[in-house]
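As provided, run26.txt (compact mmCIF, C-alpha atoms and all ligand atoms) reads as follows.
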# COMPACT_ATOMS: atom_id res chain seq x y z
CA MET A 194 28.22 29.10 27.81
CA GLY A 195 26.04 31.98 26.83
CA PHE A 196 22.60 32.71 28.23
CA ALA A 197 20.58 31.41 25.26
CA THR A 198 22.56 28.16 25.20
CA THR A 199 22.07 27.65 28.93
CA ALA A 200 18.36 28.42 28.57
CA ILE A 201 17.96 25.71 25.97
CA HIS A 202 20.20 23.04 27.48
CA ALA A 203 20.47 23.40 31.27
CA GLY A 204 18.23 20.76 32.87
CA ASN A 205 17.10 19.71 29.38
CA GLU A 206 19.29 16.64 28.96
CA PRO A 207 17.79 13.99 26.64
CA ASP A 208 15.57 11.57 28.57
CA PRO A 209 17.74 8.70 29.89
CA THR A 210 15.29 5.92 28.89
CA THR A 211 14.18 7.04 25.41
CA GLY A 212 16.45 9.89 24.38
CA ALA A 213 13.43 12.20 24.07
CA VAL A 214 14.84 15.67 23.38
CA SER A 215 11.99 17.43 25.13
CA VAL A 216 11.92 16.49 28.81
CA PRO A 217 8.83 14.28 29.22
CA ILE A 218 5.92 15.27 31.44
CA TYR A 219 6.33 12.69 34.20
CA GLN A 220 2.65 12.56 35.11
CA THR A 221 2.98 10.17 38.03
CA SER A 222 2.33 10.40 41.74
CA THR A 223 4.69 7.63 42.82
CA TYR A 224 7.61 5.47 41.62
CA ALA A 225 8.10 1.70 41.82
CA GLN A 226 10.85 0.74 44.25
CA GLU A 227 13.38 -2.00 43.52
CA GLY A 228 13.30 -3.37 47.03
CA LEU A 229 12.58 -2.31 50.55
CA GLY A 230 14.31 1.04 51.07
CA LYS A 231 15.67 0.91 47.51
CA PRO A 232 14.10 3.64 45.34
CA ARG A 233 15.26 3.84 41.71
CA GLY A 234 17.31 6.93 40.96
CA GLY A 235 16.19 8.77 44.08
CA PHE A 236 12.51 9.09 43.13
CA GLU A 237 9.98 7.94 45.73
CA TYR A 238 6.93 10.18 45.77
CA ALA A 239 6.05 13.04 43.44
CA ARG A 240 5.52 15.75 46.05
CA THR A 241 9.12 15.18 47.06
CA GLN A 242 10.67 14.74 43.62
CA ASN A 243 9.59 14.77 39.99
CA PRO A 244 11.93 14.63 36.97
CA THR A 245 10.06 17.33 34.99
CA ARG A 246 10.10 19.67 37.98
CA LEU A 247 13.75 18.85 38.62
CA ALA A 248 14.54 19.87 35.03
CA VAL A 249 12.92 23.30 35.38
CA GLU A 250 14.54 23.81 38.80
CA ARG A 251 17.98 23.12 37.30
CA ASN A 252 17.22 25.27 34.30
CA VAL A 253 16.21 28.41 36.20
CA ALA A 254 19.02 27.96 38.75
CA ALA A 255 21.52 27.90 35.86
CA LEU A 256 19.95 31.00 34.29
CA GLU A 257 20.34 32.95 37.54
CA GLY A 258 23.86 31.62 38.16
CA ALA A 259 22.73 29.78 41.31
CA ARG A 260 23.43 26.25 42.58
CA PHE A 261 19.98 25.27 43.81
CA GLY A 262 16.45 25.79 42.49
CA PHE A 263 12.96 24.97 43.78
CA ALA A 264 9.74 25.27 41.81
CA PHE A 265 6.39 26.07 43.43
CA ALA A 266 2.74 26.14 42.45
CA SER A 267 2.74 29.94 42.14
CA GLY A 268 4.92 32.97 42.68
CA MET A 269 3.11 33.53 45.98
CA SER A 270 3.84 30.02 47.25
CA ALA A 271 7.51 30.55 46.30
CA ILE A 272 7.53 33.78 48.35
CA ASP A 273 5.75 32.05 51.23
CA ALA A 274 8.38 29.27 51.22
CA VAL A 275 11.24 31.80 51.30
CA LEU A 276 9.64 33.57 54.27
CA ARG A 277 9.82 30.26 56.16
CA LEU A 278 13.53 30.93 56.49
CA VAL A 279 12.55 33.39 59.25
CA LYS A 280 10.56 32.69 62.40
CA ALA A 281 8.54 34.33 65.15
CA GLY A 282 10.53 37.17 66.69
CA ASP A 283 12.48 37.87 63.51
CA HIS A 284 12.30 41.14 61.60
CA VAL A 285 12.18 41.60 57.83
CA VAL A 286 12.86 44.81 55.88
CA VAL A 287 10.73 44.99 52.72
CA SER A 288 10.47 47.33 49.73
CA ASP A 289 7.43 49.51 50.41
CA ASN A 290 6.16 49.12 46.88
CA THR A 291 6.06 45.39 46.21
CA TYR A 292 3.61 43.36 44.21
CA GLY A 293 0.22 43.75 45.97
CA GLY A 294 0.00 40.03 46.80
CA THR A 295 3.37 40.14 48.55
CA TYR A 296 2.24 43.08 50.66
CA ARG A 297 -0.97 41.19 51.49
CA LEU A 298 0.87 37.99 52.47
CA PHE A 299 3.30 39.88 54.71
CA SER A 300 0.93 42.37 56.31
CA ARG A 301 -2.24 40.29 56.63
CA ILE A 302 -1.01 36.71 57.12
CA LEU A 303 2.63 36.33 58.15
CA SER A 304 2.45 39.24 60.61
CA ASN A 305 -0.03 37.07 62.58
CA TYR A 306 2.76 34.59 63.24
CA GLY A 307 5.12 36.91 65.08
CA ILE A 308 7.19 38.00 62.08
CA GLU A 309 7.74 41.74 62.09
CA PHE A 310 7.92 43.70 58.83
CA SER A 311 9.22 47.20 58.10
CA PHE A 312 8.14 48.54 54.72
CA VAL A 313 10.72 51.07 53.57
CA ASP A 314 11.84 52.74 50.36
CA THR A 315 14.68 50.34 49.54
CA SER A 316 15.73 52.54 46.62
CA ASP A 317 17.30 54.67 49.40
CA SER A 318 20.07 52.50 50.88
CA GLY A 319 20.17 54.83 53.89
CA GLU A 320 16.57 53.92 54.71
CA VAL A 321 17.45 50.23 54.53
CA GLU A 322 20.38 50.79 56.89
CA ARG A 323 18.24 52.73 59.37
CA ALA A 324 15.57 50.00 59.30
CA LEU A 325 17.99 47.19 60.19
CA LYS A 326 17.60 46.00 63.77
CA GLU A 327 19.17 43.49 66.11
CA ASN A 328 16.60 40.86 65.06
CA THR A 329 16.57 41.61 61.29
CA ARG A 330 17.05 38.36 59.39
CA MET A 331 16.02 39.31 55.85
CA VAL A 332 15.89 42.22 53.44
CA TYR A 333 13.27 41.58 50.77
CA VAL A 334 13.62 43.67 47.64
CA GLU A 335 11.67 44.03 44.44
CA THR A 336 13.45 45.95 41.69
CA PRO A 337 12.18 47.57 39.58
CA THR A 338 9.04 47.86 41.69
CA ASN A 339 5.55 47.20 40.54
CA PRO A 340 4.04 49.41 39.20
CA VAL A 341 6.01 52.65 39.69
CA MET A 342 9.34 51.18 38.60
CA THR A 343 11.56 52.32 41.45
CA VAL A 344 15.04 50.79 41.28
CA THR A 345 16.97 49.48 44.31
CA ASP A 346 20.77 49.34 44.25
CA LEU A 347 21.22 45.60 44.81
CA THR A 348 24.99 45.86 45.33
CA ALA A 349 24.70 48.56 47.98
CA VAL A 350 21.84 46.85 49.84
CA SER A 351 23.59 43.47 49.70
CA GLU A 352 26.78 44.93 51.17
CA LEU A 353 24.83 46.52 54.02
CA ALA A 354 23.00 43.29 54.77
CA ARG A 355 25.98 40.99 54.39
CA ALA A 356 27.96 43.00 56.93
CA ARG A 357 25.26 42.09 59.47
CA GLY A 358 24.68 38.50 58.37
CA VAL A 359 21.24 39.36 56.95
CA ARG A 360 19.93 37.55 53.84
CA VAL A 361 18.93 39.59 50.79
CA VAL A 362 16.02 38.24 48.76
CA CYS A 363 15.22 39.71 45.35
CA ASP A 364 11.97 39.25 43.45
CA ASN A 365 13.35 39.31 39.90
CA THR A 366 10.03 38.75 38.13
CA PHE A 367 10.00 42.08 36.25
CA MET A 368 13.45 41.69 34.73
CA SER A 369 13.94 37.92 34.31
CA PRO A 370 17.49 36.54 34.60
CA TYR A 371 18.17 37.70 31.05
CA LEU A 372 18.01 41.36 32.06
CA GLN A 373 19.12 41.20 35.69
CA ARG A 374 21.15 38.70 37.71
CA PRO A 375 20.77 39.64 41.38
CA ILE A 376 23.06 36.87 42.69
CA GLU A 377 25.97 38.35 40.76
CA LEU A 378 25.14 41.68 42.40
CA GLY A 379 25.30 40.16 45.88
CA ALA A 380 21.75 38.94 46.62
CA ASP A 381 21.44 35.60 48.43
CA ILE A 382 18.09 34.39 47.15
CA VAL A 383 16.25 35.18 43.91
CA LEU A 384 12.65 34.34 43.27
CA HIS A 385 10.23 34.60 40.38
CA SER A 386 6.62 34.45 39.58
CA ALA A 387 7.24 32.01 36.71
CA THR A 388 3.73 32.93 35.58
CA LYS A 389 5.27 36.01 33.98
CA TYR A 390 8.39 36.23 31.77
CA LEU A 391 9.85 32.79 32.54
CA ASN A 392 6.79 31.02 31.15
CA GLY A 393 5.85 33.98 28.99
CA HIS A 394 2.75 32.61 27.29
CA SER A 395 -0.12 33.31 29.73
CA ASP A 396 -0.82 29.60 30.10
CA SER A 397 0.63 28.60 33.46
CA VAL A 398 0.94 29.78 37.07
CA GLY A 399 4.16 28.99 38.90
CA GLY A 400 7.05 30.20 41.04
CA VAL A 401 10.75 29.47 41.36
CA VAL A 402 13.33 30.16 44.09
CA VAL A 403 17.08 29.91 43.47
CA LEU A 404 20.01 30.34 45.85
CA ASN A 405 23.59 29.30 46.62
CA ASP A 406 23.60 28.73 50.37
CA GLU A 407 23.52 25.01 51.09
CA GLN A 408 21.86 25.26 54.50
CA ASP A 409 19.08 27.55 53.29
CA ALA A 410 18.62 25.28 50.25
CA GLU A 411 18.21 22.26 52.54
CA TRP A 412 15.55 24.10 54.49
CA LEU A 413 13.70 25.22 51.34
CA LYS A 414 13.70 21.67 50.05
CA PHE A 415 12.30 20.54 53.41
CA VAL A 416 9.62 23.27 53.27
CA GLN A 417 8.75 22.43 49.66
CA ASN A 418 8.18 18.79 50.56
CA SER A 419 6.53 19.43 53.93
CA VAL A 420 4.08 22.10 52.77
CA GLY A 421 3.65 20.60 49.31
CA ALA A 422 2.96 23.70 47.19
CA ILE A 423 4.83 22.12 44.27
CA LEU A 424 4.79 23.00 40.57
CA SER A 425 2.88 20.32 38.64
CA PRO A 426 4.63 18.23 35.95
CA PHE A 427 2.67 19.90 33.15
CA ASP A 428 3.32 23.42 34.47
CA SER A 429 6.98 22.49 34.89
CA TRP A 430 7.07 21.43 31.26
CA LEU A 431 5.33 24.62 30.09
CA THR A 432 7.80 26.75 32.04
CA LEU A 433 10.73 24.79 30.58
CA ARG A 434 9.33 25.41 27.13
CA GLY A 435 9.02 29.08 28.00
CA THR A 436 12.59 29.59 29.17
CA LYS A 437 14.01 28.10 25.95
CA THR A 438 13.03 31.33 24.17
CA LEU A 439 13.61 33.68 27.10
CA ALA A 440 16.62 35.42 25.55
CA LEU A 441 14.84 36.12 22.26
CA ARG A 442 11.64 37.19 23.95
CA MET A 443 13.35 39.54 26.42
CA GLU A 444 15.33 41.18 23.59
CA GLN A 445 12.06 42.00 21.85
CA HIS A 446 10.19 43.02 25.05
CA ASP A 447 13.08 45.38 25.74
CA LYS A 448 13.15 46.77 22.21
CA SER A 449 9.41 47.42 22.04
CA GLY A 450 9.38 48.65 25.65
CA ARG A 451 11.85 51.38 24.71
CA ALA A 452 9.76 52.43 21.70
CA VAL A 453 6.48 52.46 23.65
CA ALA A 454 8.06 54.47 26.48
CA ALA A 455 9.50 56.99 24.02
CA PHE A 456 6.07 57.37 22.42
CA LEU A 457 4.32 57.83 25.77
CA GLU A 458 6.88 60.31 27.06
CA GLU A 459 6.11 62.67 24.16
CA HIS A 460 2.32 62.24 24.34
CA PRO A 461 0.44 65.35 25.56
CA LYS A 462 -2.10 63.30 27.57
CA VAL A 463 0.61 61.50 29.53
CA GLU A 464 1.36 63.47 32.70
CA LYS A 465 4.08 61.21 34.07
CA LEU A 466 6.03 58.24 32.77
CA TYR A 467 7.45 55.50 35.02
CA TYR A 468 10.17 53.72 33.06
CA PRO A 469 13.80 53.24 34.19
CA GLY A 470 14.99 53.40 30.58
CA SER A 471 13.95 57.04 30.34
CA LEU A 472 16.60 59.72 30.89
CA SER A 473 14.01 61.47 33.07
CA HIS A 474 13.84 58.50 35.49
CA LYS A 475 15.75 59.53 38.59
CA GLN A 476 17.55 56.18 38.81
CA HIS A 477 18.26 55.80 35.11
CA GLU A 478 22.03 55.51 35.64
CA LEU A 479 21.62 52.83 38.32
CA ALA A 480 19.17 50.87 36.15
CA LYS A 481 21.61 51.07 33.24
CA ARG A 482 24.40 49.76 35.43
CA GLN A 483 22.62 46.86 37.13
CA GLN A 484 20.28 45.76 34.34
CA ARG A 485 21.10 44.53 30.87
CA GLY A 486 18.05 46.36 29.52
CA PHE A 487 14.83 47.90 30.77
CA GLY A 488 12.28 45.23 29.88
CA GLY A 489 8.69 45.51 28.78
CA MET A 490 7.01 47.14 31.77
CA VAL A 491 5.93 50.75 31.34
CA SER A 492 3.59 52.70 33.63
CA PHE A 493 2.15 56.14 33.01
CA ASP A 494 -0.25 58.56 34.66
CA VAL A 495 -3.06 60.19 32.73
CA GLY A 496 -4.29 62.30 35.64
CA SER A 497 -7.65 60.83 36.64
CA LEU A 498 -9.72 57.66 36.92
CA GLU A 499 -11.91 58.92 34.07
CA ASN A 500 -8.90 59.34 31.78
CA ALA A 501 -7.45 55.99 32.82
CA ARG A 502 -10.79 54.33 32.09
CA ALA A 503 -10.87 55.91 28.63
CA VAL A 504 -7.45 54.43 27.82
CA LEU A 505 -8.05 51.02 29.45
CA GLU A 506 -11.41 50.52 27.78
CA GLY A 507 -10.31 52.20 24.56
CA CYS A 508 -7.58 49.68 23.74
CA ARG A 509 -8.43 47.12 21.07
CA LEU A 510 -5.19 45.18 20.72
CA LEU A 511 -3.87 45.54 24.27
CA THR A 512 -5.87 43.26 26.54
CA LEU A 513 -7.30 44.64 29.77
CA ALA A 514 -6.06 42.05 32.24
CA GLU A 515 -3.95 41.43 35.34
CA SER A 516 -0.57 39.78 34.92
CA LEU A 517 2.40 40.64 32.72
CA GLY A 518 5.38 39.27 30.89
CA ALA A 519 3.61 37.33 28.18
CA VAL A 520 3.53 37.39 24.38
CA GLU A 521 0.28 39.40 24.43
CA SER A 522 0.44 43.07 25.40
CA LEU A 523 -1.61 43.61 28.54
CA ILE A 524 -2.89 46.82 30.08
CA SER A 525 -4.04 47.19 33.66
CA HIS A 526 -5.12 49.62 36.35
CA PRO A 527 -2.98 48.98 39.46
CA ALA A 528 -5.15 50.98 41.90
CA THR A 529 -8.20 48.78 41.37
CA MET A 530 -6.54 45.58 40.12
CA THR A 531 -3.12 44.37 41.29
CA HIS A 532 -2.82 46.87 44.17
CA ALA A 533 -6.43 47.01 45.38
CA SER A 534 -5.34 45.38 48.67
CA VAL A 535 -2.93 48.25 49.44
CA LEU A 536 -4.42 50.94 51.73
CA PRO A 537 -5.57 54.03 49.76
CA ALA A 538 -3.28 56.39 51.71
CA THR A 539 -0.29 54.12 51.02
CA ARG A 540 -1.23 53.94 47.33
CA GLN A 541 -1.25 57.74 47.12
CA ARG A 542 2.14 57.99 48.80
CA LEU A 543 3.63 55.43 46.39
CA GLY A 544 2.24 57.14 43.32
CA ILE A 545 -0.34 54.45 42.60
CA THR A 546 -2.96 57.04 41.73
CA ASP A 547 -6.33 56.49 40.08
CA GLY A 548 -4.82 57.82 36.86
CA LEU A 549 -1.97 55.31 36.76
CA VAL A 550 -1.99 52.79 33.93
CA ARG A 551 0.47 49.88 33.57
CA VAL A 552 1.40 48.28 30.28
CA SER A 553 3.15 44.96 29.79
CA VAL A 554 4.55 45.41 26.31
CA GLY A 555 4.17 42.11 24.48
CA LEU A 556 5.66 40.65 21.34
CA GLU A 557 3.26 41.95 18.70
CA ASP A 558 4.69 44.30 16.07
CA THR A 559 5.87 47.43 17.87
CA ASP A 560 4.00 49.74 15.49
CA ASP A 561 0.71 47.97 16.21
CA ILE A 562 1.18 48.33 19.97
CA ILE A 563 1.93 52.04 19.64
CA ALA A 564 -0.93 52.64 17.21
CA ASP A 565 -3.37 51.02 19.65
CA LEU A 566 -2.14 53.12 22.59
CA ASP A 567 -2.32 56.21 20.38
CA GLN A 568 -5.95 55.66 19.46
CA ALA A 569 -6.85 54.77 23.07
CA LEU A 570 -5.18 57.92 24.40
CA GLY A 571 -7.21 59.78 21.79
CA LYS A 572 -10.36 58.74 23.68
CA ILE A 573 -9.44 60.97 26.61
CA LYS A 574 -11.84 63.95 26.56
C1 LIG B 1 2.70 38.06 39.78
C2 LIG B 1 3.76 38.43 40.72
C3 LIG B 1 3.95 37.73 41.91
C4 LIG B 1 3.02 36.61 42.34
O1 LIG B 1 3.12 35.52 41.50
P1 LIG B 1 1.91 34.49 41.16
O2 LIG B 1 2.52 33.58 40.19
O3 LIG B 1 0.78 35.31 40.63
O4 LIG B 1 1.55 33.84 42.46
C5 LIG B 1 5.00 38.11 42.73
N1 LIG B 1 5.84 39.11 42.38
C6 LIG B 1 5.67 39.82 41.26
C7 LIG B 1 6.62 40.92 40.94
C8 LIG B 1 4.64 39.52 40.39
O5 LIG B 1 4.48 40.23 39.27
Encoded form using structure tokens:
Amino acid sequence: MGFATTAIHAGNEPDPTTGAVSVPIYQTSTYAQEGLGKPRGGFEYARTQNPTRLAVERNVAALEGARFGFAFASGMSAIDAVLRLVKAGDHVVVSDNTYGGTYRLFSRILSNYGIEFSFVDTSDSGEVERALKENTRMVYVETPTNPVMTVTDLTAVSELARARGVRVVCDNTFMSPYLQRPIELGADIVLHSATKYLNGHSDSVGGVVVLNDEQDAEWLKFVQNSVGAILSPFDSWLTLRGTKTLALRMEQHDKSGRAVAAFLEEHPKVEKLYYPGSLSHKQHELAKRQQRGFGGMVSFDVGSLENARAVLEGCRLLTLAESLGAVESLISHPATMTHASVLPATRQRLGITDGLVRVSVGLEDTDDIIADLDQALGKIK
């Protein structure tokens, strides 16, 4: 079956008791048992199992081509659960330019528990290889990276890791399974901030992890139940509703993303464009090969904080806000917003300058998005 069909039907079987076509929001904390030790249909307590959550877990697993899925209260709690596959004394290689919250979780919290992290430029497979150690148990990759859109060769990194029995985890939030399927490229575990493209409507926070390995899936299920950072029934339902239109939405994000990037690339006030769809992007060929499109994320540098402020505050249609991947176009300033927790020297090295602006191209009419950016760029002195 094709992607759009899977998106609409996987996990979305009509409700067994009523035939309801939309999976009901099972707003319950517990389930009546038929007798001592005899739960009905495997449901006992809602932290452990909930039919609405189960539906979204099956849905996203199918979209990524994976066997197992687990939904969490946020992208961060999904990432935290995945990191519980490693323990004190283990070493993890991480993309040096991840989502700011991921960097914060790894460097400020998990490092206190004896887990060792090496932040490297995973877009250079040689650097990944050099960073692997005797005790490396995981390579954690974000591609394209947020916000400077560096692309990692998932096939190459997965081959390197597999040869040493090391798991590869990919944060696929920026692409969504419609544009990139990391498991097919060799990754072991894929995770999402469902808050972004999967839900797509700026009305829910959530996270999903999918994978094929049975043993790791058992452990994640155990962690999900033991820690309890579960996706609520209502948020599960909202995410399910979101993924039904994922194919259509991603087509349009991709289409408008290309047009916005082309406009920005030609604009005299734009000093540098960060967009893998551009011929000038140094990994354009790789992005073309491993992605089905380039998505709606476009970053650009206007040279200074003053210029960035003029654009960010000059927009009328694009909303100045954190987050991405929704119907509304959003504009943000990584250095002071999403990446404020990254050390200033590291930000400079990664290209997260004070002049860097990130746009999440939404689903408004493309011409309106471009016209708004045009007038906002016109506010630069
Ligand atoms: C937003 C985001 C996260 C964190 O997800 P939350 O749902 O905000 O907890 C992780 N990775 C990426 C790439 C993100 O954009």
Residues near range 263-280 of chain A, cut-off 8 Å, only C-alpha atoms, skip fewer than 2 positions along chain, as a ChimeraX atom specification: /A:246,249-250,261,282-283,294-295,298,307-308,330-331,384-388,398-403,409,412-414,416-417,422-425,429
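In terms of minimum interatomic distance to ligand LIG 1 (chain B), A:Cys363 ranks closest within A:Leu229, A:Cys363, A:Leu441, A:Leu457, counting all atoms listed in the file.
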Quick one: axis-aligned box around all listed atoms of range 565-568 of chain A, 4 Å on every side, centre and edge lengths in Å to one decimal, written as JSON.
{"center_x": -4.0, "center_y": 53.6, "center_z": 21.0, "size_x": 11.8, "size_y": 13.2, "size_z": 11.1}
Point-to-point distance in Å for CA of Leu566 in chain A and CA of Arg542 in chain A: 27.0 Å
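Counting from CA of Gly262 in chain A, the distance to CA of Thr223 in chain A is 21.6 Å.
Distances to ligand LIG 1 (chain B) were evaluated for A:Leu247, A:Ala410, A:Met490, A:Leu404 using only C-alpha atoms and all ligand atoms, and the minimum falls at A:Met490.
Of the residues under consideration (A:Leu391, A:Val350, A:Val550, A:Val321), A:Leu391 shows the shortest atom-to-atom contact distance to Ser369 in chain A when counting all atoms listed in the file.
Atom O2 of ligand LIG 1 (chain B) is positioned 11.5 Å from CA of Asp364 in chain A.
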All residues 10 Å or closer to Arg509 in chain A, all atoms listed in the file, same chain fewer than 6 positions away omitted, as an MDAnalysis selection string: chainID A and resid 562 565:566 568:569
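Between ligand LIG 1 (chain B) and the candidates A:Ala354, A:Leu303, A:Leu511, A:Val334, the tightest atom-to-atom separation, counting only C-alpha atoms and all ligand atoms, involves A:Val334.
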Nearest residue to Asp560 in chain A from the set A:Leu523, A:Val313, A:Ala528, A:Ala452 (distances using only C-alpha atoms): A:Ala452
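The nearest approach to Tyr333 in chain A among the residues A:Met368, A:Val520, A:Val359, A:Ala454, with all atoms listed in the file taken into account, belongs to A:Val359.
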